[in-house]
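Structure data follow from model-v6.csv (CSV, N, CA and C atoms):
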chain,number,residue,atom,x,y,z
P,1,MET,N,92.7,-44.3,-216.2
P,1,MET,CA,93.0,-43.4,-217.3
P,1,MET,C,91.8,-43.3,-218.2
P,2,TYR,N,91.1,-44.4,-218.5
P,2,TYR,CA,90.0,-44.4,-219.3
P,2,TYR,C,88.9,-43.5,-218.8
P,3,ASN,N,88.6,-43.6,-217.5
P,3,ASN,CA,87.5,-42.9,-216.9
P,3,ASN,C,87.8,-41.4,-216.9
P,4,HIS,N,89.1,-41.0,-216.7
P,4,HIS,CA,89.4,-39.6,-216.7
P,4,HIS,C,89.4,-39.0,-218.1
P,5,LEU,N,90.0,-39.7,-219.0
P,5,LEU,CA,90.2,-39.2,-220.4
P,5,LEU,C,89.0,-39.3,-221.2
P,6,ILE,N,88.4,-40.5,-221.3
P,6,ILE,CA,87.3,-40.8,-222.2
P,6,ILE,C,86.0,-40.3,-221.7
P,7,LYS,N,85.8,-40.5,-220.4
P,7,LYS,CA,84.5,-40.2,-219.8
P,7,LYS,C,84.3,-38.8,-219.3
P,8,LYS,N,85.3,-38.4,-218.5
P,8,LYS,CA,85.2,-37.1,-217.8
P,8,LYS,C,85.7,-35.9,-218.6
P,9,GLN,N,86.9,-36.1,-219.2
P,9,GLN,CA,87.5,-35.0,-219.9
P,9,GLN,C,86.9,-34.8,-221.3
P,10,ASN,N,86.8,-35.8,-222.1
P,10,ASN,CA,86.4,-35.7,-223.5
P,10,ASN,C,84.9,-36.0,-223.8
P,11,HIS,N,84.3,-36.7,-222.8
P,11,HIS,CA,82.9,-37.0,-222.9
P,11,HIS,C,82.5,-37.8,-224.2
P,12,TYR,N,83.4,-38.8,-224.5
P,12,TYR,CA,83.0,-39.6,-225.7
P,12,TYR,C,81.8,-40.5,-225.3
P,13,LEU,N,81.7,-40.8,-224.1
P,13,LEU,CA,80.5,-41.6,-223.7
P,13,LEU,C,79.9,-40.9,-222.5
P,14,LEU,N,78.5,-40.9,-222.4
P,14,LEU,CA,77.8,-40.3,-221.4
P,14,LEU,C,76.9,-41.2,-220.7
P,15,GLY,N,76.6,-41.0,-219.4
P,15,GLY,CA,75.6,-41.7,-218.7
P,15,GLY,C,76.0,-43.2,-218.5
P,16,ARG,N,75.0,-44.0,-218.7
P,16,ARG,CA,75.1,-45.5,-218.5
P,16,ARG,C,76.1,-46.1,-219.5
P,17,ASP,N,76.1,-45.5,-220.7
P,17,ASP,CA,77.0,-46.1,-221.7
P,17,ASP,C,78.5,-46.1,-221.2
P,18,ALA,N,78.9,-45.0,-220.5
P,18,ALA,CA,80.2,-45.0,-219.9
P,18,ALA,C,80.4,-45.9,-218.8
P,19,GLU,N,79.4,-46.2,-218.1
P,19,GLU,CA,79.5,-47.1,-216.9
P,19,GLU,C,79.4,-48.6,-217.3
P,20,ASP,N,78.6,-48.9,-218.3
P,20,ASP,CA,78.3,-50.3,-218.6
P,20,ASP,C,79.2,-50.9,-219.7
P,21,ILE,N,80.1,-50.1,-220.2
P,21,ILE,CA,80.9,-50.6,-221.3
P,21,ILE,C,81.9,-51.7,-220.7
P,22,ALA,N,82.2,-52.7,-221.5
P,22,ALA,CA,83.1,-53.8,-221.1
P,22,ALA,C,84.5,-53.2,-221.0
P,23,THR,N,85.3,-53.8,-220.1
P,23,THR,CA,86.7,-53.4,-219.8
P,23,THR,C,87.5,-53.5,-221.1
P,24,GLU,N,87.3,-54.5,-221.9
P,24,GLU,CA,88.0,-54.6,-223.2
P,24,GLU,C,87.8,-53.4,-224.0
P,25,ASN,N,86.5,-53.0,-224.1
P,25,ASN,CA,86.2,-51.9,-225.0
P,25,ASN,C,86.7,-50.5,-224.4
P,26,LYS,N,86.7,-50.4,-223.1
P,26,LYS,CA,87.3,-49.3,-222.4
P,26,LYS,C,88.8,-49.1,-222.8
P,27,MET,N,89.5,-50.3,-222.8
P,27,MET,CA,90.9,-50.2,-223.2
P,27,MET,C,91.0,-49.8,-224.7
P,28,ARG,N,90.2,-50.4,-225.5
P,28,ARG,CA,90.3,-50.1,-227.0
P,28,ARG,C,90.0,-48.6,-227.2
P,29,LEU,N,89.0,-48.0,-226.5
P,29,LEU,CA,88.8,-46.6,-226.7
P,29,LEU,C,89.9,-45.7,-226.3
P,30,LEU,N,90.5,-46.1,-225.1
P,30,LEU,CA,91.6,-45.3,-224.6
P,30,LEU,C,92.8,-45.4,-225.6
P,31,LEU,N,93.1,-46.6,-226.0
P,31,LEU,CA,94.2,-46.8,-226.9
P,31,LEU,C,94.0,-46.1,-228.3
P,32,LYS,N,92.8,-46.2,-228.8
P,32,LYS,CA,92.4,-45.5,-230.0
P,32,LYS,C,92.6,-44.0,-229.9
P,33,HIS,N,92.2,-43.5,-228.8
P,33,HIS,CA,92.3,-42.0,-228.5
P,33,HIS,C,93.8,-41.5,-228.8
P,34,PHE,N,94.8,-42.4,-228.5
P,34,PHE,CA,96.2,-42.0,-228.6
P,34,PHE,C,96.8,-42.7,-229.8
P,35,ASP,N,96.0,-43.2,-230.7
P,35,ASP,CA,96.5,-43.9,-231.9
P,35,ASP,C,97.5,-45.1,-231.6
P,36,ILE,N,97.1,-45.8,-230.5
P,36,ILE,CA,97.9,-47.0,-230.2
P,36,ILE,C,97.2,-48.2,-230.8
P,37,ASP,N,97.9,-49.0,-231.5
P,37,ASP,CA,97.4,-50.1,-232.2
P,37,ASP,C,97.0,-51.2,-231.2
P,38,THR,N,95.8,-51.8,-231.3
P,38,THR,CA,95.4,-52.9,-230.5
P,38,THR,C,95.7,-54.3,-231.1
P,39,LYS,N,96.1,-54.3,-232.4
P,39,LYS,CA,96.5,-55.5,-233.1
P,39,LYS,C,97.6,-56.1,-232.4
P,40,LEU,N,97.7,-57.5,-232.4
P,40,LEU,CA,98.7,-58.2,-231.7
P,40,LEU,C,100.1,-58.1,-232.5
P,41,PRO,N,101.1,-57.7,-231.8
P,41,PRO,CA,102.5,-57.8,-232.4
P,41,PRO,C,102.8,-59.2,-232.7
P,42,LYS,N,103.8,-59.4,-233.6
P,42,LYS,CA,104.1,-60.8,-234.1
P,42,LYS,C,104.4,-61.8,-233.0
P,43,ASN,N,105.1,-61.4,-231.9
P,43,ASN,CA,105.4,-62.3,-230.8
P,43,ASN,C,104.2,-62.7,-230.0
P,44,TYR,N,103.0,-62.2,-230.3
P,44,TYR,CA,101.8,-62.6,-229.6
P,44,TYR,C,100.8,-63.4,-230.5
P,45,LYS,N,101.2,-63.7,-231.7
P,45,LYS,CA,100.3,-64.3,-232.7
P,45,LYS,C,99.9,-65.7,-232.3
P,46,HIS,N,100.7,-66.4,-231.5
P,46,HIS,CA,100.4,-67.8,-231.1
P,46,HIS,C,99.2,-67.8,-230.1
P,47,PHE,N,98.9,-66.7,-229.4
P,47,PHE,CA,97.8,-66.6,-228.5
P,47,PHE,C,96.5,-67.1,-229.0
P,48,LYS,N,96.2,-66.7,-230.3
P,48,LYS,CA,94.9,-67.0,-230.9
P,48,LYS,C,94.8,-68.5,-231.0
P,49,ALA,N,95.8,-69.2,-231.6
P,49,ALA,CA,95.8,-70.6,-231.8
P,49,ALA,C,95.8,-71.4,-230.4
P,50,LYS,N,96.5,-70.8,-229.5
P,50,LYS,CA,96.7,-71.5,-228.2
P,50,LYS,C,95.5,-71.3,-227.2
P,51,TYR,N,95.0,-70.1,-227.1
P,51,TYR,CA,94.0,-69.8,-226.1
P,51,TYR,C,92.6,-69.4,-226.6
P,52,PHE,N,92.5,-69.0,-227.9
P,52,PHE,CA,91.3,-68.4,-228.4
P,52,PHE,C,90.9,-69.1,-229.7
P,53,LYS,N,90.9,-70.4,-229.8
P,53,LYS,CA,90.7,-71.2,-231.0
P,53,LYS,C,89.4,-70.8,-231.7
P,54,ASN,N,88.3,-70.6,-231.0
P,54,ASN,CA,87.0,-70.4,-231.6
P,54,ASN,C,86.6,-68.9,-231.8
P,55,ILE,N,87.6,-68.0,-231.6
P,55,ILE,CA,87.3,-66.6,-231.7
P,55,ILE,C,88.1,-66.1,-233.0
P,56,GLU,N,87.3,-65.4,-233.8
P,56,GLU,CA,87.9,-64.9,-235.1
P,56,GLU,C,88.9,-63.8,-234.9
P,57,TYR,N,88.6,-62.8,-234.1
P,57,TYR,CA,89.5,-61.6,-234.0
P,57,TYR,C,90.0,-61.6,-232.5
P,58,VAL,N,91.3,-61.6,-232.3
P,58,VAL,CA,91.9,-61.5,-231.0
P,58,VAL,C,92.9,-60.3,-231.0
P,59,ASP,N,92.7,-59.4,-230.0
P,59,ASP,CA,93.6,-58.2,-230.0
P,59,ASP,C,94.2,-58.1,-228.5
P,60,GLY,N,95.0,-57.1,-228.3
P,60,GLY,CA,95.6,-56.9,-227.0
P,60,GLY,C,94.7,-56.8,-225.9
P,61,PRO,N,93.7,-55.9,-226.0
P,61,PRO,CA,92.7,-55.7,-224.9
P,61,PRO,C,92.0,-57.0,-224.6
P,62,MET,N,91.7,-57.8,-225.6
P,62,MET,CA,91.0,-59.1,-225.3
P,62,MET,C,91.8,-60.0,-224.5
P,63,ILE,N,93.1,-60.1,-224.8
P,63,ILE,CA,94.0,-61.0,-224.1
P,63,ILE,C,94.2,-60.5,-222.7
P,64,ILE,N,94.4,-59.2,-222.5
P,64,ILE,CA,94.6,-58.6,-221.2
P,64,ILE,C,93.4,-58.8,-220.3
P,65,SER,N,92.2,-58.6,-220.9
P,65,SER,CA,91.0,-58.7,-220.1
P,65,SER,C,90.8,-60.2,-219.7
P,66,LYS,N,91.1,-61.1,-220.6
P,66,LYS,CA,90.9,-62.5,-220.3
P,66,LYS,C,91.8,-63.0,-219.1
P,67,VAL,N,93.1,-62.6,-219.2
P,67,VAL,CA,94.0,-63.0,-218.2
P,67,VAL,C,93.7,-62.3,-216.9
P,68,ARG,N,93.3,-61.0,-216.9
P,68,ARG,CA,92.9,-60.2,-215.7
P,68,ARG,C,91.8,-60.9,-215.1
P,69,ASN,N,90.8,-61.3,-215.8
P,69,ASN,CA,89.6,-62.0,-215.3
P,69,ASN,C,89.9,-63.3,-214.6
P,70,GLU,N,90.9,-64.0,-215.1
P,70,GLU,CA,91.3,-65.3,-214.5
P,70,GLU,C,92.1,-65.0,-213.2
P,71,ILE,N,92.9,-63.9,-213.2
P,71,ILE,CA,93.6,-63.6,-211.9
P,71,ILE,C,92.6,-63.1,-210.9
P,72,VAL,N,91.7,-62.3,-211.2
P,72,VAL,CA,90.7,-61.7,-210.3
P,72,VAL,C,89.6,-62.7,-209.9
P,73,HIS,N,89.1,-63.5,-210.9
P,73,HIS,CA,87.9,-64.3,-210.6
P,73,HIS,C,88.2,-65.8,-210.6
P,74,GLY,N,89.4,-66.2,-211.0
P,74,GLY,CA,89.6,-67.6,-211.1
P,74,GLY,C,91.0,-68.0,-210.8
P,75,ASN,N,91.5,-68.9,-211.5
P,75,ASN,CA,92.8,-69.5,-211.3
P,75,ASN,C,93.5,-69.7,-212.6
P,76,LEU,N,94.8,-69.2,-212.7
P,76,LEU,CA,95.5,-69.3,-214.0
P,76,LEU,C,95.7,-70.7,-214.4
P,77,GLN,N,95.6,-71.6,-213.5
P,77,GLN,CA,95.8,-73.0,-213.9
P,77,GLN,C,94.5,-73.8,-214.1
P,78,SER,N,93.4,-73.0,-214.2
P,78,SER,CA,92.1,-73.7,-214.4
P,78,SER,C,92.0,-74.2,-215.8
P,79,SER,N,91.1,-75.1,-216.0
P,79,SER,CA,91.0,-75.7,-217.4
P,79,SER,C,90.4,-74.7,-218.3
P,80,TYR,N,89.7,-73.7,-217.8
P,80,TYR,CA,89.1,-72.6,-218.6
P,80,TYR,C,90.2,-71.8,-219.3
P,81,PHE,N,91.3,-71.5,-218.6
P,81,PHE,CA,92.3,-70.6,-219.3
P,81,PHE,C,93.6,-70.9,-218.6
P,82,ASN,N,94.4,-71.8,-219.2
P,82,ASN,CA,95.6,-72.2,-218.6
P,82,ASN,C,96.8,-71.4,-219.3
P,83,VAL,N,97.3,-70.4,-218.6
P,83,VAL,CA,98.4,-69.6,-219.2
P,83,VAL,C,99.7,-70.0,-218.8
P,84,GLU,N,100.6,-70.3,-219.8
P,84,GLU,CA,102.0,-70.6,-219.5
P,84,GLU,C,102.7,-69.4,-219.0
P,85,LYS,N,103.8,-69.6,-218.2
P,85,LYS,CA,104.5,-68.5,-217.6
P,85,LYS,C,105.1,-67.5,-218.6
P,86,HIS,N,105.6,-68.0,-219.7
P,86,HIS,CA,106.2,-67.2,-220.7
P,86,HIS,C,105.1,-66.3,-221.3
P,87,ASP,N,103.9,-66.9,-221.5
P,87,ASP,CA,102.8,-66.1,-222.1
P,87,ASP,C,102.3,-65.1,-221.1
P,88,LEU,N,102.3,-65.4,-219.8
P,88,LEU,CA,101.9,-64.5,-218.8
P,88,LEU,C,102.8,-63.3,-218.8
P,89,TYR,N,104.1,-63.5,-219.0
P,89,TYR,CA,105.1,-62.5,-219.1
P,89,TYR,C,104.8,-61.6,-220.3
P,90,LEU,N,104.5,-62.1,-221.4
P,90,LEU,CA,104.1,-61.4,-222.6
P,90,LEU,C,102.9,-60.5,-222.3
P,91,VAL,N,101.9,-61.0,-221.6
P,91,VAL,CA,100.7,-60.2,-221.3
P,91,VAL,C,101.1,-59.0,-220.4
P,92,TYR,N,101.9,-59.3,-219.4
P,92,TYR,CA,102.3,-58.2,-218.5
P,92,TYR,C,103.1,-57.1,-219.3
P,93,ASP,N,104.0,-57.6,-220.2
P,93,ASP,CA,104.8,-56.7,-221.1
P,93,ASP,C,103.8,-55.8,-221.9
P,94,LEU,N,102.8,-56.5,-222.5
P,94,LEU,CA,101.8,-55.7,-223.3
P,94,LEU,C,101.1,-54.6,-222.5
P,95,VAL,N,100.7,-55.0,-221.3
P,95,VAL,CA,100.0,-54.0,-220.4
P,95,VAL,C,101.0,-52.9,-220.1
P,96,ILE,N,102.2,-53.2,-219.7
P,96,ILE,CA,103.2,-52.1,-219.4
P,96,ILE,C,103.4,-51.2,-220.6
P,97,GLY,N,103.5,-51.9,-221.8
P,97,GLY,CA,103.7,-51.1,-223.0
P,97,GLY,C,102.6,-50.1,-223.3
P,98,TYR,N,101.3,-50.6,-223.2
P,98,TYR,CA,100.2,-49.8,-223.4
P,98,TYR,C,100.2,-48.6,-222.3
P,99,VAL,N,100.5,-48.9,-221.1
P,99,VAL,CA,100.5,-47.9,-220.0
P,99,VAL,C,101.6,-46.8,-220.4
P,100,GLU,N,102.7,-47.3,-220.8
P,100,GLU,CA,103.8,-46.4,-221.1
P,100,GLU,C,103.4,-45.4,-222.2
P,101,LEU,N,102.8,-46.0,-223.3
P,101,LEU,CA,102.4,-45.2,-224.4
P,101,LEU,C,101.3,-44.2,-224.1
P,102,VAL,N,100.4,-44.6,-223.3
P,102,VAL,CA,99.3,-43.7,-222.9
P,102,VAL,C,99.9,-42.6,-222.0
P,103,LEU,N,100.8,-42.9,-221.1
P,103,LEU,CA,101.4,-41.8,-220.3
P,103,LEU,C,102.2,-40.9,-221.1
P,104,ILE,N,103.0,-41.4,-222.0
P,104,ILE,CA,103.9,-40.6,-222.9
P,104,ILE,C,103.0,-39.6,-223.7
P,105,ASN,N,101.8,-40.1,-224.2
P,105,ASN,CA,100.9,-39.2,-224.9
P,105,ASN,C,100.1,-38.3,-224.0
P,106,LEU,N,99.7,-38.8,-222.9
P,106,LEU,CA,98.9,-38.0,-222.0
P,106,LEU,C,99.7,-36.8,-221.5
P,107,LEU,N,101.0,-37.1,-221.2
P,107,LEU,CA,101.9,-36.0,-220.7
P,107,LEU,C,102.6,-35.2,-221.8
P,108,LYS,N,102.3,-35.6,-223.0
P,108,LYS,CA,102.8,-34.9,-224.2
P,108,LYS,C,104.4,-34.9,-224.2
P,109,ILE,N,104.9,-36.0,-223.9
P,109,ILE,CA,106.4,-36.2,-223.9
P,109,ILE,C,106.9,-36.4,-225.3
P,110,ASP,N,107.8,-35.6,-225.8
P,110,ASP,CA,108.3,-35.8,-227.1
P,110,ASP,C,109.6,-36.6,-227.0
P,111,MET,N,109.6,-37.8,-227.4
P,111,MET,CA,110.8,-38.7,-227.3
P,111,MET,C,110.8,-39.8,-228.3
P,112,GLU,N,111.9,-40.3,-228.6
P,112,GLU,CA,112.1,-41.4,-229.5
P,112,GLU,C,111.6,-42.7,-228.8
P,113,LEU,N,110.7,-43.4,-229.4
P,113,LEU,CA,110.2,-44.6,-228.7
P,113,LEU,C,111.2,-45.8,-228.9
P,114,SER,N,111.2,-46.7,-227.9
P,114,SER,CA,112.0,-47.9,-228.0
P,114,SER,C,111.3,-48.8,-229.1
P,115,ASN,N,112.1,-49.7,-229.6
P,115,ASN,CA,111.5,-50.7,-230.5
P,115,ASN,C,110.4,-51.5,-229.9
P,116,ARG,N,110.4,-51.7,-228.7
P,116,ARG,CA,109.4,-52.4,-227.9
P,116,ARG,C,108.0,-51.7,-228.0
P,117,LEU,N,108.1,-50.3,-227.9
P,117,LEU,CA,106.9,-49.5,-228.0
P,117,LEU,C,106.5,-49.2,-229.4
P,118,LYS,N,107.5,-49.1,-230.3
P,118,LYS,CA,107.2,-48.8,-231.7
P,118,LYS,C,106.2,-49.8,-232.3
P,119,VAL,N,106.3,-51.0,-231.9
P,119,VAL,CA,105.5,-52.1,-232.5
P,119,VAL,C,104.0,-51.9,-232.1
P,120,LEU,N,103.8,-51.2,-231.0
P,120,LEU,CA,102.4,-51.0,-230.5
P,120,LEU,C,101.8,-49.7,-231.0
P,121,LYS,N,102.6,-48.8,-231.5
P,121,LYS,CA,102.1,-47.5,-232.0
P,121,LYS,C,101.6,-47.7,-233.4
P,122,ARG,N,100.4,-47.1,-233.7
P,122,ARG,CA,99.8,-47.2,-235.0
P,122,ARG,C,100.6,-46.5,-236.0
P,123,PRO,N,100.8,-47.1,-237.2
P,123,PRO,CA,101.6,-46.5,-238.2
P,123,PRO,C,101.0,-45.1,-238.6
P,124,ILE,N,101.8,-44.1,-238.9
P,124,ILE,CA,101.4,-42.8,-239.2
P,124,ILE,C,100.5,-42.7,-240.4
P,125,ASN,N,100.7,-43.5,-241.4
P,125,ASN,CA,100.0,-43.4,-242.7
P,125,ASN,C,98.5,-44.0,-242.6
P,126,LYS,N,98.1,-44.4,-241.4
P,126,LYS,CA,96.7,-45.0,-241.3
P,126,LYS,C,95.8,-43.8,-241.0
Target format structure tokens, applied to this file:
Amino acid sequence: MYNHLIKKQNHYLLGRDAEDIATENKMRLLLKHFDIDTKLPKNYKHFKAKYFKNIEYVDGPMIISKVRNEIVHGNLQSSYFNVEKHDLYLVYDLVIGYVELVLINLLKIDMELSNRLKVLKRPINK
């Protein structure tokens, strides 16, 4: 979705900038394009204290990227990043919520959002 929308269709980034950008930032750009908030909903606030103690700002794309990297490059039970099953469920739910909102916006579907998706949508007054 990022590559199609941000890079090819809208040309926000050109050349190597589009290729070399980190996955976290690709997610942030895509979500920002559709006014989807990357701040963590309340039920994710414990992630910072539990998994990112030394990092000042933690958002959805950072959590997703970290878990994705452990699945692809490592082991979820490693000492580097030990994710509990309940937290893994929350990460999958966040990913699915972002994908749903991007598709709703991409396809220009006019619909009432569920409470689950409303918490991810950026407030209108911002």
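Atom N of Glu84 of chain P is positioned 22.7 Å from atom CA of Val119 of chain P.
Taking atom CA of Val102 of chain P and atom CA of Tyr89 of chain P as endpoints, the distance between them is 20.0 Å.
The spacing separating atom CA of Val67 of chain P from atom CA of Asp93 of chain P amounts to 12.8 Å.
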Next on the checklist: So that I can see what lies close to segment 36-47 of chain P, please list as a ChimeraX atom specification the residues with an atom at most 7 Å from it, counting only N, CA and C atoms and leaving out residues fewer than 3 positions away in the same chain.
Outcome noted: /P:28,30-33,50-53,58-61,119-123
Take the residues from that selection and put them in a file with N, CA and C atoms, as a PDB file, in the frame of the given file.
ATOM      1  N   ARG P  28      90.200 -50.400-225.500  1.00  0.00           N
ATOM      2  CA  ARG P  28      90.300 -50.100-227.000  1.00  0.00           C
ATOM      3  C   ARG P  28      90.000 -48.600-227.200  1.00  0.00           C
ATOM      4  N   LEU P  30      90.500 -46.100-225.100  1.00  0.00           N
ATOM      5  CA  LEU P  30      91.600 -45.300-224.600  1.00  0.00           C
ATOM      6  C   LEU P  30      92.800 -45.400-225.600  1.00  0.00           C
ATOM      7  N   LEU P  31      93.100 -46.600-226.000  1.00  0.00           N
ATOM      8  CA  LEU P  31      94.200 -46.800-226.900  1.00  0.00           C
ATOM      9  C   LEU P  31      94.000 -46.100-228.300  1.00  0.00           C
ATOM     10  N   LYS P  32      92.800 -46.200-228.800  1.00  0.00           N
ATOM     11  CA  LYS P  32      92.400 -45.500-230.000  1.00  0.00           C
ATOM     12  C   LYS P  32      92.600 -44.000-229.900  1.00  0.00           C
ATOM     13  N   HIS P  33      92.200 -43.500-228.800  1.00  0.00           N
ATOM     14  CA  HIS P  33      92.300 -42.000-228.500  1.00  0.00           C
ATOM     15  C   HIS P  33      93.800 -41.500-228.800  1.00  0.00           C
ATOM     16  N   LYS P  50      96.500 -70.800-229.500  1.00  0.00           N
ATOM     17  CA  LYS P  50      96.700 -71.500-228.200  1.00  0.00           C
ATOM     18  C   LYS P  50      95.500 -71.300-227.200  1.00  0.00           C
ATOM     19  N   TYR P  51      95.000 -70.100-227.100  1.00  0.00           N
ATOM     20  CA  TYR P  51      94.000 -69.800-226.100  1.00  0.00           C
ATOM     21  C   TYR P  51      92.600 -69.400-226.600  1.00  0.00           C
ATOM     22  N   PHE P  52      92.500 -69.000-227.900  1.00  0.00           N
ATOM     23  CA  PHE P  52      91.300 -68.400-228.400  1.00  0.00           C
ATOM     24  C   PHE P  52      90.900 -69.100-229.700  1.00  0.00           C
ATOM     25  N   LYS P  53      90.900 -70.400-229.800  1.00  0.00           N
ATOM     26  CA  LYS P  53      90.700 -71.200-231.000  1.00  0.00           C
ATOM     27  C   LYS P  53      89.400 -70.800-231.700  1.00  0.00           C
ATOM     28  N   VAL P  58      91.300 -61.600-232.300  1.00  0.00           N
ATOM     29  CA  VAL P  58      91.900 -61.500-231.000  1.00  0.00           C
ATOM     30  C   VAL P  58      92.900 -60.300-231.000  1.00  0.00           C
ATOM     31  N   ASP P  59      92.700 -59.400-230.000  1.00  0.00           N
ATOM     32  CA  ASP P  59      93.600 -58.200-230.000  1.00  0.00           C
ATOM     33  C   ASP P  59      94.200 -58.100-228.500  1.00  0.00           C
ATOM     34  N   GLY P  60      95.000 -57.100-228.300  1.00  0.00           N
ATOM     35  CA  GLY P  60      95.600 -56.900-227.000  1.00  0.00           C
ATOM     36  C   GLY P  60      94.700 -56.800-225.900  1.00  0.00           C
ATOM     37  N   PRO P  61      93.700 -55.900-226.000  1.00  0.00           N
ATOM     38  CA  PRO P  61      92.700 -55.700-224.900  1.00  0.00           C
ATOM     39  C   PRO P  61      92.000 -57.000-224.600  1.00  0.00           C
ATOM     40  N   VAL P 119     106.300 -51.000-231.900  1.00  0.00           N
ATOM     41  CA  VAL P 119     105.500 -52.100-232.500  1.00  0.00           C
ATOM     42  C   VAL P 119     104.000 -51.900-232.100  1.00  0.00           C
ATOM     43  N   LEU P 120     103.800 -51.200-231.000  1.00  0.00           N
ATOM     44  CA  LEU P 120     102.400 -51.000-230.500  1.00  0.00           C
ATOM     45  C   LEU P 120     101.800 -49.700-231.000  1.00  0.00           C
ATOM     46  N   LYS P 121     102.600 -48.800-231.500  1.00  0.00           N
ATOM     47  CA  LYS P 121     102.100 -47.500-232.000  1.00  0.00           C
ATOM     48  C   LYS P 121     101.600 -47.700-233.400  1.00  0.00           C
ATOM     49  N   ARG P 122     100.400 -47.100-233.700  1.00  0.00           N
ATOM     50  CA  ARG P 122      99.800 -47.200-235.000  1.00  0.00           C
ATOM     51  C   ARG P 122     100.600 -46.500-236.000  1.00  0.00           C
ATOM     52  N   PRO P 123     100.800 -47.100-237.200  1.00  0.00           N
ATOM     53  CA  PRO P 123     101.600 -46.500-238.200  1.00  0.00           C
ATOM     54  C   PRO P 123     101.000 -45.100-238.600  1.00  0.00           C
TER      55      PRO P 123
END
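The residue that comes closest to Asn105 of chain P, out of P:Leu29, P:Gly74, P:Phe34, P:Met62 and on the basis of all atoms listed in the file, is P:Phe34.
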Could segment 55-68 of chain P be completed with N, CA, C and O atoms and written as a PDB file, in the frame of the given file, please?
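Writing the result to selection_19.pdb gives the following:
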ATOM      1  N   ILE P  55      87.600 -68.000-231.600  1.00  0.00           N
ATOM      2  CA  ILE P  55      87.300 -66.600-231.700  1.00  0.00           C
ATOM      3  C   ILE P  55      88.100 -66.100-233.000  1.00  0.00           C
ATOM      4  O   ILE P  55      89.249 -66.287-233.123  1.00  0.00           O
ATOM      5  N   GLU P  56      87.300 -65.400-233.800  1.00  0.00           N
ATOM      6  CA  GLU P  56      87.900 -64.900-235.100  1.00  0.00           C
ATOM      7  C   GLU P  56      88.900 -63.800-234.900  1.00  0.00           C
ATOM      8  O   GLU P  56      90.011 -63.851-235.502  1.00  0.00           O
ATOM      9  N   TYR P  57      88.600 -62.800-234.100  1.00  0.00           N
ATOM     10  CA  TYR P  57      89.500 -61.600-234.000  1.00  0.00           C
ATOM     11  C   TYR P  57      90.000 -61.600-232.500  1.00  0.00           C
ATOM     12  O   TYR P  57      89.190 -61.496-231.617  1.00  0.00           O
ATOM     13  N   VAL P  58      91.300 -61.600-232.300  1.00  0.00           N
ATOM     14  CA  VAL P  58      91.900 -61.500-231.000  1.00  0.00           C
ATOM     15  C   VAL P  58      92.900 -60.300-231.000  1.00  0.00           C
ATOM     16  O   VAL P  58      93.709 -60.186-231.896  1.00  0.00           O
ATOM     17  N   ASP P  59      92.700 -59.400-230.000  1.00  0.00           N
ATOM     18  CA  ASP P  59      93.600 -58.200-230.000  1.00  0.00           C
ATOM     19  C   ASP P  59      94.200 -58.100-228.500  1.00  0.00           C
ATOM     20  O   ASP P  59      93.836 -58.933-227.657  1.00  0.00           O
ATOM     21  N   GLY P  60      95.000 -57.100-228.300  1.00  0.00           N
ATOM     22  CA  GLY P  60      95.600 -56.900-227.000  1.00  0.00           C
ATOM     23  C   GLY P  60      94.700 -56.800-225.900  1.00  0.00           C
ATOM     24  O   GLY P  60      94.759 -57.477-224.859  1.00  0.00           O
ATOM     25  N   PRO P  61      93.700 -55.900-226.000  1.00  0.00           N
ATOM     26  CA  PRO P  61      92.700 -55.700-224.900  1.00  0.00           C
ATOM     27  C   PRO P  61      92.000 -57.000-224.600  1.00  0.00           C
ATOM     28  O   PRO P  61      91.666 -57.267-223.391  1.00  0.00           O
ATOM     29  N   MET P  62      91.700 -57.800-225.600  1.00  0.00           N
ATOM     30  CA  MET P  62      91.000 -59.100-225.300  1.00  0.00           C
ATOM     31  C   MET P  62      91.800 -60.000-224.500  1.00  0.00           C
ATOM     32  O   MET P  62      91.381 -60.628-223.478  1.00  0.00           O
ATOM     33  N   ILE P  63      93.100 -60.100-224.800  1.00  0.00           N
ATOM     34  CA  ILE P  63      94.000 -61.000-224.100  1.00  0.00           C
ATOM     35  C   ILE P  63      94.200 -60.500-222.700  1.00  0.00           C
ATOM     36  O   ILE P  63      94.131 -61.260-221.699  1.00  0.00           O
ATOM     37  N   ILE P  64      94.400 -59.200-222.500  1.00  0.00           N
ATOM     38  CA  ILE P  64      94.600 -58.600-221.200  1.00  0.00           C
ATOM     39  C   ILE P  64      93.400 -58.800-220.300  1.00  0.00           C
ATOM     40  O   ILE P  64      93.513 -59.225-219.161  1.00  0.00           O
ATOM     41  N   SER P  65      92.200 -58.600-220.900  1.00  0.00           N
ATOM     42  CA  SER P  65      91.000 -58.700-220.100  1.00  0.00           C
ATOM     43  C   SER P  65      90.800 -60.200-219.700  1.00  0.00           C
ATOM     44  O   SER P  65      90.405 -60.462-218.531  1.00  0.00           O
ATOM     45  N   LYS P  66      91.100 -61.100-220.600  1.00  0.00           N
ATOM     46  CA  LYS P  66      90.900 -62.500-220.300  1.00  0.00           C
ATOM     47  C   LYS P  66      91.800 -63.000-219.100  1.00  0.00           C
ATOM     48  O   LYS P  66      91.396 -63.640-218.184  1.00  0.00           O
ATOM     49  N   VAL P  67      93.100 -62.600-219.200  1.00  0.00           N
ATOM     50  CA  VAL P  67      94.000 -63.000-218.200  1.00  0.00           C
ATOM     51  C   VAL P  67      93.700 -62.300-216.900  1.00  0.00           C
ATOM     52  O   VAL P  67      93.724 -62.865-215.800  1.00  0.00           O
ATOM     53  N   ARG P  68      93.300 -61.000-216.900  1.00  0.00           N
ATOM     54  CA  ARG P  68      92.900 -60.200-215.700  1.00  0.00           C
ATOM     55  C   ARG P  68      91.800 -60.900-215.100  1.00  0.00           C
ATOM     56  O   ARG P  68      91.727 -61.079-213.838  1.00  0.00           O
TER      57      ARG P  68
END
